[in-house]
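Asks: Data file entry-v5.tsv (TSV, C-alpha atoms) is appended below.
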```tsv
chain	number	residue	atom	x	y	z
A	1	MET	CA	0.00	0.00	0.00
A	2	LYS	CA	1.01	3.60	-0.56
A	3	VAL	CA	1.15	5.71	2.58
A	4	HIS	CA	1.40	9.50	2.43
A	5	LEU	CA	2.90	11.21	5.48
A	6	SER	CA	3.24	14.91	6.32
A	7	HIS	CA	5.74	17.11	8.19
A	8	PRO	CA	7.71	16.60	5.98
A	9	ASN	CA	5.64	15.43	2.99
A	10	ARG	CA	6.73	11.96	1.87
A	11	ASP	CA	5.34	8.69	0.49
A	12	ILE	CA	6.30	5.23	1.70
A	13	GLU	CA	5.24	1.68	0.82
A	14	LEU	CA	3.94	-0.83	3.39
A	15	GLN	CA	2.95	-4.44	2.85
A	16	GLY	CA	-0.85	-4.97	3.00
A	17	PRO	CA	-3.41	-6.02	3.98
A	18	LYS	CA	-3.06	-4.46	7.41
A	19	ARG	CA	-5.33	-3.12	10.15
A	20	VAL	CA	-5.15	0.63	10.73
A	21	ALA	CA	-4.13	-0.06	14.36
A	22	ASP	CA	-1.17	-2.13	13.11
A	23	ILE	CA	-0.11	0.65	10.72
A	24	PHE	CA	0.05	3.02	13.69
A	25	LYS	CA	2.19	0.48	15.56
A	26	GLU	CA	4.50	-0.17	12.62
A	27	LEU	CA	5.07	3.55	12.07
A	28	GLN	CA	5.35	4.12	15.85
A	29	LEU	CA	2.65	6.79	15.80
A	30	ILE	CA	0.19	7.73	18.56
A	31	PRO	CA	-3.35	7.28	17.15
A	32	GLU	CA	-4.58	10.35	19.11
A	33	ALA	CA	-2.31	12.57	17.00
A	34	PHE	CA	-3.33	11.33	13.52
A	35	LEU	CA	-6.22	10.50	11.21
A	36	ILE	CA	-6.09	7.83	8.53
A	37	ILE	CA	-7.84	8.87	5.32
A	38	ARG	CA	-8.58	6.66	2.31
A	39	GLY	CA	-9.84	8.73	-0.63
A	40	GLN	CA	-11.97	11.26	1.23
A	41	ASP	CA	-13.06	8.87	3.98
A	42	LEU	CA	-11.80	8.48	7.53
A	43	MET	CA	-10.87	4.98	8.69
A	44	THR	CA	-11.21	3.59	12.20
A	45	GLU	CA	-8.48	1.50	13.84
A	46	ASP	CA	-10.15	-1.87	13.22
A	47	GLU	CA	-10.47	-1.38	9.45
A	48	ILE	CA	-8.25	-3.20	6.96
A	49	VAL	CA	-6.14	-1.34	4.42
A	50	LYS	CA	-5.61	-3.48	1.30
A	51	ASP	CA	-2.26	-3.81	-0.43
A	52	GLU	CA	-3.56	-1.89	-3.48
A	53	ASP	CA	-4.93	1.00	-1.38
A	54	SER	CA	-3.46	4.48	-0.98
A	55	ILE	CA	-3.91	6.17	2.39
A	56	GLU	CA	-2.95	9.44	4.00
A	57	VAL	CA	-1.68	9.58	7.57
A	58	ARG	CA	-2.70	13.12	8.46
A	59	PRO	CA	-1.28	14.78	11.58
A	60	VAL	CA	-3.87	16.69	13.61
A	61	ILE	CA	-1.57	18.49	16.03
A	62	SER	CA	-0.78	22.12	15.41
A	63	GLY	CA	1.50	24.58	17.19
A	64	GLY	CA	-1.51	26.29	18.76
B	65	MET	CA	-16.68	-0.53	13.90
B	66	ARG	CA	-20.29	0.66	13.90
B	67	CYS	CA	-21.69	4.03	14.91
B	68	ARG	CA	-23.11	3.91	18.46
B	69	LYS	CA	-26.10	6.02	17.46
B	70	CYS	CA	-27.16	4.45	14.15
B	71	PRO	CA	-26.38	1.35	12.05
B	72	GLN	CA	-23.85	3.13	9.78
B	73	ARG	CA	-20.10	2.44	9.56
B	74	ALA	CA	-18.21	4.54	12.12
B	75	VAL	CA	-15.57	6.98	10.86
B	76	LEU	CA	-14.09	7.92	14.23
B	77	GLY	CA	-13.58	6.00	17.45
B	78	MET	CA	-13.57	8.21	20.54
B	79	PRO	CA	-11.99	6.26	23.41
B	80	ARG	CA	-12.43	9.12	25.91
B	81	HIS	CA	-16.21	8.77	25.52
B	82	ASN	CA	-16.04	5.01	24.87
B	83	THR	CA	-17.98	5.59	21.66
B	84	ALA	CA	-17.72	5.83	17.88
B	85	TYR	CA	-19.65	7.86	15.32
B	86	CYS	CA	-20.46	7.81	11.63
B	87	GLY	CA	-20.01	11.07	9.67
B	88	PRO	CA	-23.49	12.58	10.22
B	89	CYS	CA	-23.58	11.57	13.92
B	90	LEU	CA	-20.05	12.98	14.44
B	91	THR	CA	-21.19	16.26	12.86
B	92	GLU	CA	-24.21	16.38	15.16
B	93	PHE	CA	-22.07	15.51	18.20
B	94	VAL	CA	-19.51	18.26	17.49
B	95	ARG	CA	-22.12	20.94	16.84
B	96	THR	CA	-23.98	19.96	20.03
B	97	GLN	CA	-20.73	20.19	22.01
B	98	VAL	CA	-20.06	23.66	20.63
B	99	GLN	CA	-23.59	24.77	21.46
B	100	LYS	CA	-23.13	23.39	25.00
B	101	ALA	CA	-19.84	25.29	25.34
B	102	ILE	CA	-21.50	28.53	24.22
B	103	LYS	CA	-24.28	28.15	26.80
B	104	ALA	CA	-22.23	26.75	29.69
B	105	GLN	CA	-19.63	29.52	29.48
B	106	THR	CA	-22.11	32.31	28.59
B	107	MET	CA	-20.13	33.07	25.43
B	108	PHE	CA	-22.72	34.86	23.26
B	109	SER	CA	-26.35	34.91	22.17
B	110	PRO	CA	-27.89	34.69	18.66
B	111	GLU	CA	-28.19	38.51	18.59
B	112	ASP	CA	-24.46	39.08	19.13
B	113	ARG	CA	-22.01	39.87	16.33
B	114	ILE	CA	-19.04	37.50	16.44
B	115	LEU	CA	-15.57	37.93	14.91
B	116	VAL	CA	-13.69	34.65	14.40
B	117	ALA	CA	-9.92	34.75	14.13
B	118	VAL	CA	-9.01	32.50	11.18
B	119	SER	CA	-5.63	31.17	10.10
B	120	GLY	CA	-6.54	28.71	7.32
B	121	GLY	CA	-5.99	25.77	9.68
B	122	LYS	CA	-8.56	23.16	10.71
B	123	ASP	CA	-9.62	24.68	14.03
B	124	SER	CA	-10.44	28.21	12.94
B	125	LEU	CA	-12.12	27.27	9.65
B	126	THR	CA	-14.12	24.56	11.46
B	127	LEU	CA	-15.20	27.07	14.09
B	128	TRP	CA	-16.26	29.56	11.42
B	129	GLU	CA	-18.27	26.83	9.63
B	130	ILE	CA	-19.97	25.57	12.81
B	131	LEU	CA	-20.98	29.04	13.97
B	132	LEU	CA	-22.49	29.75	10.55
B	133	LYS	CA	-24.30	26.38	10.53
B	134	LEU	CA	-25.66	27.12	14.01
B	135	GLY	CA	-26.99	30.43	12.68
B	136	TYR	CA	-24.72	32.87	14.55
B	137	ARG	CA	-23.91	36.28	13.03
B	138	THR	CA	-20.26	35.61	12.31
B	139	ASP	CA	-17.51	37.38	10.33
B	140	ALA	CA	-13.83	36.45	10.26
B	141	LEU	CA	-10.45	38.16	10.52
B	142	TYR	CA	-7.31	36.82	8.87
B	143	VAL	CA	-3.93	38.29	9.79
B	144	ASP	CA	-1.45	37.84	6.95
B	145	LEU	CA	1.87	37.41	8.73
B	146	GLY	CA	4.02	37.63	5.61
B	147	ILE	CA	5.77	34.26	6.09
B	148	ALA	CA	7.12	33.41	2.62
B	149	GLY	CA	5.09	30.65	0.96
B	150	TYR	CA	3.17	29.61	4.08
B	151	SER	CA	1.18	32.84	4.37
B	152	GLU	CA	0.20	32.74	0.68
B	153	ARG	CA	-1.09	29.17	1.07
B	154	SER	CA	-3.00	29.86	4.29
B	155	HIS	CA	-4.43	33.09	2.83
B	156	GLU	CA	-5.68	31.15	-0.19
B	157	LYS	CA	-7.48	28.58	2.02
B	158	VAL	CA	-9.20	31.33	3.99
B	159	GLU	CA	-10.24	33.23	0.84
B	160	ARG	CA	-11.59	30.03	-0.70
B	161	PHE	CA	-13.67	29.23	2.39
B	162	ALA	CA	-14.96	32.81	2.50
B	163	ARG	CA	-15.99	32.62	-1.15
B	164	ASP	CA	-17.34	29.05	-1.30
B	165	VAL	CA	-18.99	28.69	2.12
B	166	ALA	CA	-19.25	31.89	4.16
B	167	LYS	CA	-20.43	34.34	1.51
B	168	ALA	CA	-23.74	32.50	1.00
B	169	CYS	CA	-24.43	32.98	4.74
B	170	GLY	CA	-23.82	36.74	4.50
B	171	SER	CA	-20.52	36.37	6.36
B	172	LYS	CA	-17.52	38.52	5.41
B	173	LEU	CA	-13.76	38.17	5.70
B	174	ILE	CA	-11.58	41.01	7.00
B	175	ILE	CA	-7.87	40.88	6.17
B	176	HIS	CA	-5.04	42.59	8.03
B	177	THR	CA	-1.59	42.45	6.41
B	178	VAL	CA	1.33	42.79	8.83
B	179	GLU	CA	3.72	43.88	6.09
B	180	GLU	CA	1.47	46.75	4.98
B	181	ASP	CA	1.04	47.91	8.57
B	182	ALA	CA	4.56	47.38	9.94
B	183	GLY	CA	6.70	47.52	6.78
B	184	ALA	CA	8.01	43.97	7.25
B	185	GLY	CA	6.78	40.40	7.66
B	186	ILE	CA	6.70	38.74	11.07
B	187	LYS	CA	10.06	36.96	10.73
B	188	GLU	CA	11.89	40.16	9.74
B	189	LEU	CA	10.13	42.09	12.51
B	190	ALA	CA	11.11	39.50	15.13
B	191	ASN	CA	14.72	39.63	13.90
B	192	LEU	CA	14.75	43.43	14.07
B	193	ILE	CA	13.58	43.53	17.67
B	194	LYS	CA	15.51	40.38	18.67
B	195	ARG	CA	12.50	38.45	19.93
B	196	PRO	CA	11.44	34.86	19.12
B	197	THR	CA	9.15	34.84	16.05
B	198	CYS	CA	6.29	33.06	17.87
B	199	SER	CA	6.37	35.63	20.67
B	200	ALA	CA	6.23	38.60	18.25
B	201	CYS	CA	3.53	36.81	16.27
B	202	GLY	CA	1.40	36.24	19.39
B	203	THR	CA	1.67	39.91	20.38
B	204	ILE	CA	0.69	41.12	16.89
B	205	LYS	CA	-2.22	38.70	16.48
B	206	ARG	CA	-3.68	39.40	19.94
B	207	TYR	CA	-3.37	43.14	19.36
B	208	GLN	CA	-4.88	43.17	15.87
B	209	PHE	CA	-7.75	40.78	16.72
B	210	ASN	CA	-8.70	42.93	19.68
B	211	ARG	CA	-8.32	46.18	17.71
B	212	VAL	CA	-10.44	45.01	14.76
B	213	ALA	CA	-13.14	43.54	17.02
B	214	TRP	CA	-13.25	46.70	19.13
B	215	GLU	CA	-13.16	49.21	16.25
B	216	ASN	CA	-15.83	47.33	14.28
B	217	LYS	CA	-18.04	46.93	17.37
B	218	TYR	CA	-18.18	43.13	17.41
B	219	ASP	CA	-19.70	41.85	20.66
B	220	VAL	CA	-17.23	39.02	20.98
B	221	MET	CA	-14.06	37.63	19.44
B	222	ALA	CA	-13.83	33.83	18.99
B	223	THR	CA	-10.72	31.71	18.50
B	224	GLY	CA	-10.41	28.05	17.48
B	225	HIS	CA	-8.50	26.87	20.57
B	226	ASN	CA	-9.45	23.25	21.31
B	227	LEU	CA	-9.09	20.95	24.32
B	228	ASP	CA	-5.54	19.95	23.33
B	229	ASP	CA	-4.49	23.61	23.09
B	230	GLU	CA	-5.95	24.41	26.50
B	231	ALA	CA	-4.61	21.27	28.22
B	232	ALA	CA	-1.12	21.87	26.77
B	233	ARG	CA	-1.17	25.51	27.83
B	234	LEU	CA	-2.31	24.49	31.30
B	235	LEU	CA	0.49	21.93	31.54
B	236	GLY	CA	3.03	24.59	30.53
B	237	ASN	CA	1.68	27.08	33.07
B	238	VAL	CA	1.65	24.50	35.86
B	239	LEU	CA	5.11	23.13	35.06
B	240	ASN	CA	6.50	26.65	35.29
B	241	TRP	CA	4.16	27.72	38.13
B	242	GLN	CA	2.95	30.72	36.15
B	243	GLU	CA	0.06	31.34	38.54
B	244	GLU	CA	-0.66	34.80	37.12
B	245	TYR	CA	-1.56	33.17	33.77
B	246	LEU	CA	-3.92	30.61	35.29
B	247	GLN	CA	-6.70	33.10	36.01
B	248	LYS	CA	-6.61	34.22	32.38
B	249	GLN	CA	-6.93	30.65	31.09
B	250	SER	CA	-10.67	30.45	30.69
B	251	PRO	CA	-12.94	29.61	27.72
B	252	THR	CA	-14.55	33.03	28.23
B	253	LEU	CA	-12.66	36.22	29.04
B	254	PRO	CA	-14.83	39.26	29.77
B	255	ALA	CA	-14.57	42.66	28.10
B	256	SER	CA	-13.22	43.80	31.45
B	257	VAL	CA	-12.22	47.36	30.52
B	258	GLU	CA	-12.88	49.94	27.80
B	259	GLY	CA	-10.88	48.82	24.73
B	260	PHE	CA	-10.89	45.08	25.47
B	261	SER	CA	-13.20	42.80	23.47
B	262	LYS	CA	-14.80	39.76	25.08
B	263	LYS	CA	-12.89	36.62	24.01
B	264	VAL	CA	-14.25	33.07	23.75
B	265	LYS	CA	-13.06	29.59	22.77
B	266	PRO	CA	-16.12	27.59	21.64
B	267	LEU	CA	-14.08	24.46	20.69
B	268	TYR	CA	-12.65	23.91	24.19
B	269	ARG	CA	-14.74	20.75	24.66
B	270	MET	CA	-13.36	19.10	21.48
B	271	THR	CA	-10.00	17.38	21.07
B	272	GLU	CA	-7.78	18.34	18.17
B	273	ARG	CA	-8.44	14.96	16.53
B	274	GLU	CA	-12.21	15.36	16.80
B	275	VAL	CA	-12.02	18.82	15.21
B	276	ALA	CA	-9.82	17.51	12.38
B	277	ALA	CA	-12.24	14.59	11.82
B	278	TYR	CA	-15.16	17.03	11.65
B	279	ALA	CA	-13.26	19.07	9.05
B	280	VAL	CA	-12.56	15.98	6.90
B	281	VAL	CA	-16.14	14.69	7.16
B	282	ASN	CA	-17.58	18.10	6.26
B	283	ARG	CA	-15.06	18.67	3.43
B	284	ILE	CA	-13.59	21.78	4.98
B	285	ASP	CA	-10.54	22.52	2.83
B	286	TYR	CA	-7.93	23.56	5.38
B	287	LEU	CA	-4.15	23.92	5.35
B	288	VAL	CA	-2.62	20.71	6.73
B	289	GLU	CA	0.94	22.05	6.75
B	290	GLU	CA	2.29	23.53	9.96
B	291	CYS	CA	3.63	27.05	10.30
B	292	PRO	CA	7.40	26.70	9.62
B	293	MET	CA	8.07	28.98	12.60
B	294	SER	CA	6.45	26.54	15.05
B	295	LYS	CA	9.14	23.87	14.61
B	296	GLY	CA	10.45	22.93	18.06
B	297	ALA	CA	7.73	24.92	19.85
B	298	LYS	CA	7.20	23.94	23.51
B	299	MET	CA	3.44	23.60	22.93
B	300	LEU	CA	4.11	20.70	20.53
B	301	VAL	CA	6.17	18.94	23.20
B	302	TYR	CA	3.41	19.39	25.80
B	303	LYS	CA	0.81	18.11	23.33
B	304	ASP	CA	2.91	15.06	22.54
B	305	VAL	CA	3.33	14.25	26.24
B	306	LEU	CA	-0.42	14.63	26.85
B	307	ASN	CA	-1.25	12.42	23.87
B	308	ARG	CA	1.05	9.69	25.21
B	309	LEU	CA	-0.80	9.88	28.53
B	310	GLU	CA	-4.12	9.89	26.64
B	311	ALA	CA	-3.14	6.68	24.81
B	312	GLU	CA	-2.52	4.97	28.18
B	313	SER	CA	-5.55	6.48	29.90
B	314	PRO	CA	-8.27	7.87	27.60
B	315	GLY	CA	-9.86	11.04	28.94
B	316	THR	CA	-6.66	12.37	30.58
B	317	LYS	CA	-6.70	15.70	28.70
B	318	HIS	CA	-10.41	16.14	29.39
B	319	ARG	CA	-10.03	15.44	33.13
B	320	PHE	CA	-6.94	17.63	33.41
B	321	TYR	CA	-8.49	20.74	31.83
B	322	TRP	CA	-12.05	20.32	33.10
B	323	GLY	CA	-10.77	19.63	36.61
B	324	PHE	CA	-8.86	22.89	36.39
B	325	LEU	CA	-11.98	24.77	35.27
B	326	GLU	CA	-13.91	23.37	38.26
B	327	LYS	CA	-11.18	24.48	40.68
B	328	GLN	CA	-10.95	27.86	38.98
B	329	LYS	CA	-14.72	28.32	39.41
B	330	LYS	CA	-14.50	27.54	43.13
B	331	ALA	CA	-11.49	29.82	43.60
B	332	ALA	CA	-13.32	32.66	41.83
B	333	GLU	CA	-15.86	32.75	44.68
B	334	SER	CA	-13.20	33.93	47.13
B	335	THR	CA	-10.93	36.07	44.91
B	336	PRO	CA	-11.53	39.39	43.09
B	337	SER	CA	-13.08	38.94	39.62
B	338	MET	CA	-10.94	39.38	36.51
B	339	THR	CA	-12.96	42.49	35.66
B	340	ASP	CA	-12.16	44.02	39.08
B	341	SER	CA	-8.44	43.23	38.88
B	342	ASP	CA	-8.20	44.42	35.24
B	343	GLN	CA	-9.94	47.67	36.12
B	344	ALA	CA	-7.48	48.17	38.97
B	345	THR	CA	-4.36	47.53	36.89
B	346	LEU	CA	-5.04	48.48	33.24
B	347	LEU	CA	-4.83	51.95	31.71
B	348	PRO	CA	-5.04	53.10	28.07
B	349	CYS	CA	-1.74	52.87	26.17
B	350	GLU	CA	-0.20	56.34	25.69
B	351	THR	CA	0.31	55.64	21.98
B	352	CYS	CA	-2.69	53.63	20.76
B	353	GLY	CA	-5.22	53.67	23.62
B	354	GLN	CA	-5.56	49.87	24.00
B	355	PRO	CA	-5.52	48.72	27.65
B	356	THR	CA	-2.11	47.94	29.13
B	357	THR	CA	-0.39	47.54	32.50
B	358	ALA	CA	2.58	49.64	31.27
B	359	GLY	CA	2.48	53.23	30.01
B	360	THR	CA	2.96	52.03	26.44
B	361	CYS	CA	1.58	48.63	25.40
B	362	THR	CA	3.77	45.71	24.27
B	363	PHE	CA	2.67	46.08	20.64
B	364	CYS	CA	3.53	49.81	20.46
B	365	ARG	CA	6.88	49.24	22.22
B	366	MET	CA	7.63	46.48	19.72
B	367	MET	CA	6.75	48.66	16.74
B	368	ALA	CA	8.83	51.54	18.12
B	369	ARG	CA	11.84	49.22	18.50
B	370	ALA	CA	11.38	47.94	14.95
B	371	LYS	CA	11.25	51.51	13.64
B	372	THR	CA	14.44	52.45	15.55
B	373	ALA	CA	16.22	49.35	14.24
B	374	THR	CA	15.51	50.27	10.61
B	375	HIS	CA	16.86	53.85	10.95
```
What would you get if you wrote out this structure as structure tokens?

Replies:
Amino acid sequence: MKVHLSHPNRDIELQGPKRVADIFKELQLIPEAFLIIRGQDLMTEDEIVKDEDSIEVRPVISGG
Amino acid sequence: MRCRKCPQRAVLGMPRHNTAYCGPCLTEFVRTQVQKAIKAQTMFSPEDRILVAVSGGKDSLTLWEILLKLGYRTDALYVDLGIAGYSERSHEKVERFARDVAKACGSKLIIHTVEEDAGAGIKELANLIKRPTCSACGTIKRYQFNRVAWENKYDVMATGHNLDDEAARLLGNVLNWQEEYLQKQSPTLPASVEGFSKKVKPLYRMTEREVAAYAVVNRIDYLVEECPMSKGAKMLVYKDVLNRLEAESPGTKHRFYWGFLEKQKKAAESTPSMTDSDQATLLPCETCGQPTTAGTCTFCRMMARAKTATH
């Protein structure tokens, strides 16, 4: 699967299928600080991302 | 995961509430929380004119959208800080929202450009007066938001600060025992003296993630990129620490900030009100007339230093 990350902008490849919760673990990210978006839709942690999918890992924390 | 309110697929799990919502139920939940915040903290009424401070980010654009959807008389102010590249992109997001969403509700966008007013962008200004950029930026934004709200007779000024912002700020104030700042950390600050606008934070009940999810679900086109000046900011460290605690114990941020608000409310019964203490300590600035504890306010002192540095 293609995974787009921000701060800085970059794309990486991960082996699918994988649960969203496992993607967080693999990337060592705290779920509270990110949203996973496929197309225009949000995904919850129990959903499966297929190998052919593209997702965005969008940070939600700002400097405030 | 299914929505807890209807049979639809959930789009966001919310461990702190032990629940999950689909898009429409999340939208309803967030708008209800904002309405509760407005009532609980006596922020404003449907007759009031509200000025929202917008940056192009998720929180401020979401706040503008929600207030319009709830039927409040809302305009917005954008301060163009003149940060190369970033300001152009954030300005574009705000203009697009104003044109595509707000205009149809009769809501207008006011723009203040720092470079036009001060002769330099925020980074150059901060360099001139030898102050950290974020500190100079905070002074300018607070000053201009208050000035525009006051001069244009808005009843209240609203900012998009969320629960994460408030919990992180509280953590910073407590870690450094900045007790004088604690009284000022409230979702509603009164228009305590002539020249000060009332200030409110209607998103204080929502976490940053919930606000971002609302923005995605409602197709609010916001700027995801962070201000380049905020790299290494202490607030980001505090937020990261709180989110690690939240992962271990959902509801930590909520309990931390709401517990503080409860204690603050009790303490207020036995201490002078903010209005009383402001009236006792604030006088009009000798240069611009905005309230200040010094003879000349921080903003005017900063501008005078910048002017001296360029001559």

Asks: Give the answer as one residue: which of A:Glu56, A:Glu26, A:Glu13, A:Asp51 has the shortest atom-to-atom distance to chain B, using all atoms listed in the file?

Replies: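 Closest residue, counting all atoms listed in the file: A:Glu56.
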
Asks: Between B:Pro314, B:Pro71, B:Gly236, B:Gly149, which has the minimum distance to Pro31 of chain A (counting only C-alpha atoms)?

Replies: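 Distance minimum relative to Pro31 of chain A lands on B:Pro314.
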
Asks: List the spatial neighbours of Val281 of chain B as number ranges by chain - criterion: any atom at most 7 Å away, only C-alpha atoms, same-chain residues fewer than 3 positions off excluded.

Replies: B: 87, 277-278

Asks: Provide as a PyMOL selection string the residues of chain B at most 9 Å from chain A, counting all atoms listed in the file.

Replies: chain B and resi 65+74-77+84+87+121-122+225-226+228-229+272-273+275-277+280-281+283+288-291+294-295+297-300+303-304+307-308+310-311

Asks: So how many Å separate atom CA of Thr356 of chain B and atom CA of Thr197 of chain B, to one decimal?

Replies: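 It comes out at 21.7 Å.
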
Asks: Report as JSON the centre and the edge lengths, in Å to one decimal, of the axis-aligned box holding every listed atom of segment 302-307 of chain B, padded by 3 Å on each side.

Replies:
```
{"center_x": 1.1, "center_y": 15.9, "center_z": 24.7, "size_x": 10.7, "size_y": 13.0, "size_z": 10.3}
```

Asks: To one decimal place in Å, what is the distance between atom CA of Ala184 of chain B and atom CA of Lys172 of chain B?

Replies: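 That distance, rounded to one decimal, is 26.2 Å.
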
Asks: Work out how far atom CA of Asp144 of chain B is from atom CA of Arg195 of chain B, in Å to one decimal.

Replies: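 Computing the Euclidean distance for atom CA of Arg195 of chain B and atom CA of Asp144 of chain B yields 19.1 Å.
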
Asks: Excluding Thr177 of chain B and residues on its chain fewer than 4 positions from it, collect all residues at most 7 Å away from it, counting all atoms listed in the file, and give them as a VMD selection string.

Replies: chain B and resid 143 to 145 181

Asks: With distances taken over all atoms listed in the file, which residue among B:Thr374, B:Asn210, B:Thr126, B:Ser256 lies nearest Ser337 of chain B?

Replies: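 Counting all atoms listed in the file, the residue closest to Ser337 of chain B is B:Ser256.
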
Asks: Which residue out of B:Ile175, B:Ala117, B:Val238, B:Ile147 has the minimum interatomic distance to Arg206 of chain B when only C-alpha atoms are used?

Replies: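 Smallest distance to Arg206 of chain B is found for B:Ala117.
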
Asks: Pick from B:Ser171, B:Ser313, B:Gln105, B:Thr271: nearest to Thr252 of chain B, with all atoms listed in the file counted?

Replies: B:Gln105

Asks: If we count all atoms listed in the file, what is near Phe363 of chain B at a cut-off of 8 Å, once residues fewer than 4 positions away on the same chain are taken out, given as an MDAnalysis selection string?

Replies: chainID B and resid 203:204 207 367

Asks: For the point (-1.6, -6.5, 2.8) in file coordinates, what residues are within 8 Å, counting all atoms listed in the file? Give the answer as an MDAnalysis selection string?

Replies: chainID A and resid 1 14:18 49:51

Asks: Identify which of the residues B:Cys70, B:Ala373, B:Val98, B:Val220 lies closest to Ala190 of chain B, counting all atoms listed in the file when measuring atom-to-atom distances.

Replies: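 Checking each of B:Cys70, B:Ala373, B:Val98, B:Val220 against Ala190 of chain B, counting all atoms listed in the file, the winner is B:Ala373.
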
Asks: Compute the distance from (-23.6, 30.3, 9.5) to each atom, counting all atoms listed in the file, keep the residues with any atom at most 10 Å away, and return them as a list in words; use the coordinates of the file.

Replies: Trp128, Glu129, Ile130, Leu131, Leu132, Lys133, Leu134, Gly135, Tyr136, Arg137, Thr138, Asp139, Val165, Ala166, Lys167, Ala168, Cys169, Gly170 and Ser171 of chain B
